[in-house]
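Step one of this worksheet: look at the structure below.
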Amino acid sequence: MSEKIYYLEDIDATRAWARDFAKTLCAPQTVALHGNLGMGKSEIAREIIKTLRGENTVVPSPTFTLVQNYDGISHFDLYRIGDASELEEIGLKYAIDNDITLIEWPEIALGMLPENTIHIHISQNGNGRKLVVQ
């Protein structure tokens, strides 16, 4: 996949982008969401899940549970993982092999990610966001 850059003016534009992006995904596919705190990683993941599993799907942050599953979509938050050896325990390998896998804070898992992983780098751009998709 070649690099694409998106400039999104606000949270509504970010949500719309995530809904459109969700429609391009099919399992097994891994999406790595990179960015500092507050950049919108969880918001993008939430919109992807709701687009694919229904608007009424409740999508809590997996910050404390580490992973949430939605019938073929796995949403991981690896912020609190201290060692890559913990990734097998929480089911990351299984999810990568079978699901649409959304990973926030993917840096600790880079050695496990498949070659076709879509990396989304999110940064501040005025009041909006800049997304670099690779």
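Residues are named by chain letter and number: chains run A, B, ... in the order of the structure tokens, numbers start at 1 in each chain, and ligands are numbered from 1 in the order shown.
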
DSSP on the backbone, helix (DSSP H, G or I) only: what residues of segment 4-119 of chain A does that give? Format it as a ChimeraX atom specification. /A:11-22,41-53,86-89,92-98,106-112

Would you mind exporting N, CA and C atoms of the selected residues as a compact mmCIF listing (two decimals), in the first residue's frame?
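New file selection.txt:
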```txt
# COMPACT_ATOMS: atom_id res chain seq x y z
N ILE A 11 -13.47 16.46 14.59
CA ILE A 11 -13.82 15.10 15.00
C ILE A 11 -14.87 14.49 14.07
N ASP A 12 -15.79 15.29 13.57
CA ASP A 12 -16.80 14.76 12.64
C ASP A 12 -16.15 14.25 11.36
N ALA A 13 -15.17 14.98 10.85
CA ALA A 13 -14.45 14.56 9.65
C ALA A 13 -13.64 13.29 9.93
N THR A 14 -13.08 13.20 11.13
CA THR A 14 -12.32 12.01 11.52
C THR A 14 -13.24 10.80 11.58
N ARG A 15 -14.41 10.98 12.17
CA ARG A 15 -15.38 9.87 12.25
C ARG A 15 -15.83 9.44 10.86
N ALA A 16 -16.10 10.40 9.99
CA ALA A 16 -16.54 10.08 8.62
C ALA A 16 -15.44 9.30 7.89
N TRP A 17 -14.19 9.74 8.06
CA TRP A 17 -13.08 9.04 7.42
C TRP A 17 -13.03 7.59 7.94
N ALA A 18 -13.16 7.40 9.24
CA ALA A 18 -13.10 6.06 9.83
C ALA A 18 -14.22 5.17 9.31
N ARG A 19 -15.41 5.73 9.14
CA ARG A 19 -16.53 4.94 8.60
C ARG A 19 -16.24 4.50 7.17
N ASP A 20 -15.71 5.39 6.35
CA ASP A 20 -15.36 5.03 4.97
C ASP A 20 -14.25 3.99 4.95
N PHE A 21 -13.23 4.19 5.78
CA PHE A 21 -12.11 3.27 5.85
C PHE A 21 -12.58 1.88 6.28
N ALA A 22 -13.49 1.80 7.23
CA ALA A 22 -13.99 0.52 7.74
C ALA A 22 -14.54 -0.35 6.61
N LYS A 41 -7.08 7.73 18.45
CA LYS A 41 -6.96 6.31 18.13
C LYS A 41 -8.22 5.55 18.51
N SER A 42 -8.69 5.77 19.73
CA SER A 42 -9.90 5.07 20.20
C SER A 42 -11.13 5.49 19.41
N GLU A 43 -11.20 6.74 19.05
CA GLU A 43 -12.36 7.24 18.30
C GLU A 43 -12.41 6.60 16.91
N ILE A 44 -11.26 6.49 16.27
CA ILE A 44 -11.21 5.83 14.96
C ILE A 44 -11.61 4.36 15.09
N ALA A 45 -11.05 3.67 16.08
CA ALA A 45 -11.40 2.26 16.30
C ALA A 45 -12.89 2.11 16.57
N ARG A 46 -13.44 2.97 17.41
CA ARG A 46 -14.86 2.91 17.76
C ARG A 46 -15.74 3.05 16.51
N GLU A 47 -15.39 4.00 15.64
CA GLU A 47 -16.19 4.20 14.42
C GLU A 47 -16.08 3.01 13.47
N ILE A 48 -14.89 2.43 13.37
CA ILE A 48 -14.72 1.24 12.53
C ILE A 48 -15.62 0.12 13.05
N ILE A 49 -15.58 -0.13 14.34
CA ILE A 49 -16.38 -1.21 14.94
C ILE A 49 -17.87 -0.95 14.76
N LYS A 50 -18.32 0.26 15.02
CA LYS A 50 -19.75 0.57 14.87
C LYS A 50 -20.20 0.47 13.42
N THR A 51 -19.34 0.84 12.50
CA THR A 51 -19.68 0.73 11.07
C THR A 51 -19.86 -0.73 10.67
N LEU A 52 -18.99 -1.59 11.18
CA LEU A 52 -19.03 -3.00 10.78
C LEU A 52 -19.95 -3.87 11.63
N ARG A 53 -20.27 -3.43 12.86
CA ARG A 53 -21.10 -4.25 13.75
C ARG A 53 -22.40 -3.57 14.18
N GLU A 86 3.78 -11.01 26.70
CA GLU A 86 2.40 -10.98 27.17
C GLU A 86 1.39 -10.99 26.02
N LEU A 87 1.83 -10.69 24.83
CA LEU A 87 0.92 -10.55 23.69
C LEU A 87 0.24 -11.86 23.31
N GLU A 88 0.95 -12.97 23.42
CA GLU A 88 0.36 -14.27 23.12
C GLU A 88 -0.75 -14.58 24.12
N GLU A 89 -0.53 -14.27 25.39
CA GLU A 89 -1.52 -14.52 26.45
C GLU A 89 -2.84 -13.82 26.20
N LEU A 92 -3.31 -11.95 20.86
CA LEU A 92 -3.00 -11.12 19.69
C LEU A 92 -2.71 -11.95 18.45
N LYS A 93 -1.94 -13.00 18.58
CA LYS A 93 -1.60 -13.83 17.40
C LYS A 93 -2.86 -14.44 16.79
N TYR A 94 -3.74 -14.97 17.62
CA TYR A 94 -5.00 -15.54 17.11
C TYR A 94 -5.80 -14.48 16.36
N ALA A 95 -5.92 -13.29 16.96
CA ALA A 95 -6.70 -12.21 16.34
C ALA A 95 -6.09 -11.82 14.99
N ILE A 96 -4.78 -11.66 14.95
CA ILE A 96 -4.12 -11.28 13.70
C ILE A 96 -4.38 -12.30 12.61
N ASP A 97 -4.39 -13.57 12.96
CA ASP A 97 -4.60 -14.64 11.98
C ASP A 97 -6.05 -14.77 11.52
N ASN A 98 -7.00 -14.24 12.31
CA ASN A 98 -8.41 -14.53 12.03
C ASN A 98 -9.34 -13.33 11.89
N PRO A 106 0.69 0.15 19.11
CA PRO A 106 1.20 -1.10 18.56
C PRO A 106 2.72 -1.29 18.64
N GLU A 107 3.44 -0.32 19.12
CA GLU A 107 4.90 -0.36 19.06
C GLU A 107 5.50 -1.62 19.67
N ILE A 108 4.97 -2.10 20.78
CA ILE A 108 5.52 -3.28 21.43
C ILE A 108 5.28 -4.55 20.61
N ALA A 109 4.33 -4.51 19.69
CA ALA A 109 3.97 -5.68 18.89
C ALA A 109 4.52 -5.65 17.47
N LEU A 110 5.34 -4.67 17.14
CA LEU A 110 5.79 -4.52 15.75
C LEU A 110 6.40 -5.80 15.19
N GLY A 111 7.11 -6.58 16.00
CA GLY A 111 7.71 -7.82 15.54
C GLY A 111 6.71 -8.91 15.20
N MET A 112 5.48 -8.78 15.67
CA MET A 112 4.43 -9.79 15.42
C MET A 112 3.50 -9.42 14.27
```

Select, from A:Thr63, A:Thr117, A:Gln134, A:Asn69, the residue with the minimum atom-to-atom distance to Lys4 of chain A, counting only C-alpha atoms.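 Between A:Thr63, A:Thr117, A:Gln134, A:Asn69, the residue approaching Lys4 of chain A most closely is A:Gln134.
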
Go through A:Leu33, A:Ala84, A:Ile90, A:Ile122 and flag the residue nearest Gln68 of chain A, using only C-alpha atoms for the distances.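 Nearest to Gln68 of chain A: A:Ile90.
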
Enter the distance from atom CA of Gly40 of chain A to atom CA of Leu25 of chain A, in Å, rounded to one decimal. 19.0 Å

DSSP on the backbone: what in chain A comes out strand (DSSP E), as a count of residues only? 38

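Of the listed residues A:Gly54, A:Pro62, A:Gly72, A:Gly82, the one whose atoms come nearest to Gln29 of chain A is A:Gly72, with distances taken using only C-alpha atoms.
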
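Minimum atom-to-atom distances from A:Cys26, A:Leu8, A:Val31, A:Val58 to Val133 of chain A were compared using only C-alpha atoms, and the lowest value belongs to A:Val31.
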
Write out as a PDB file with C-alpha atoms, in the first residue's frame each polymer residue whose atoms come within 9 Å of Leu66 of chain A, counting only C-alpha atoms; drop sequence neighbours fewer than 6 positions from it.
```
ATOM      1  CA  HIS A  75      -9.663  -4.162  19.493  1.00  0.00           C
ATOM      2  CA  PHE A  76      -6.411  -4.104  21.484  1.00  0.00           C
ATOM      3  CA  ASP A  77      -4.893  -1.339  23.606  1.00  0.00           C
ATOM      4  CA  LEU A  78      -1.281  -2.261  24.334  1.00  0.00           C
ATOM      5  CA  TYR A  79      -0.430   0.853  26.360  1.00  0.00           C
ATOM      6  CA  ARG A  80      -0.098  -1.099  29.621  1.00  0.00           C
ATOM      7  CA  ILE A  81       1.759  -4.113  28.189  1.00  0.00           C
ATOM      8  CA  ILE A  90      -4.037 -11.877  25.444  1.00  0.00           C
TER       9      ILE A  90
END
```

What does the distance between atom CA of Gly35 of chain A and atom CA of Ile103 of chain A come to in Å, to one decimal place? 11.4 Å

Residue contacts of Met39 of chain A (9 Å, only C-alpha atoms) excluding same-chain residues fewer than 5 positions away, as a PDB file with N, CA and C atoms, in the first residue's frame:
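Here's the written file part_3.pdb:
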```pdb
ATOM      1  N   HIS A  34      -1.220   4.523  15.479  1.00  0.00           N
ATOM      2  CA  HIS A  34      -0.100   5.194  16.144  1.00  0.00           C
ATOM      3  C   HIS A  34      -0.484   6.640  16.451  1.00  0.00           C
ATOM      4  N   ILE A 122      -1.361   9.200  13.477  1.00  0.00           N
ATOM      5  CA  ILE A 122      -2.290  10.298  13.731  1.00  0.00           C
ATOM      6  C   ILE A 122      -1.544  11.396  14.483  1.00  0.00           C
ATOM      7  N   SER A 123      -1.679  12.634  14.002  1.00  0.00           N
ATOM      8  CA  SER A 123      -1.053  13.767  14.688  1.00  0.00           C
ATOM      9  C   SER A 123      -1.979  14.977  14.614  1.00  0.00           C
ATOM     10  N   GLN A 124      -1.691  15.944  15.458  1.00  0.00           N
ATOM     11  CA  GLN A 124      -2.469  17.183  15.520  1.00  0.00           C
ATOM     12  C   GLN A 124      -2.224  17.998  14.258  1.00  0.00           C
ATOM     13  N   ARG A 129      -6.936  16.748  12.599  1.00  0.00           N
ATOM     14  CA  ARG A 129      -5.916  15.694  12.623  1.00  0.00           C
ATOM     15  C   ARG A 129      -5.330  15.489  11.236  1.00  0.00           C
TER      16      ARG A 129
END
```

Report the distance between atom CA of Asn36 of chain A and atom CA of Leu131 of chain A in Å, rounded to one decimal place. 12.5 Å
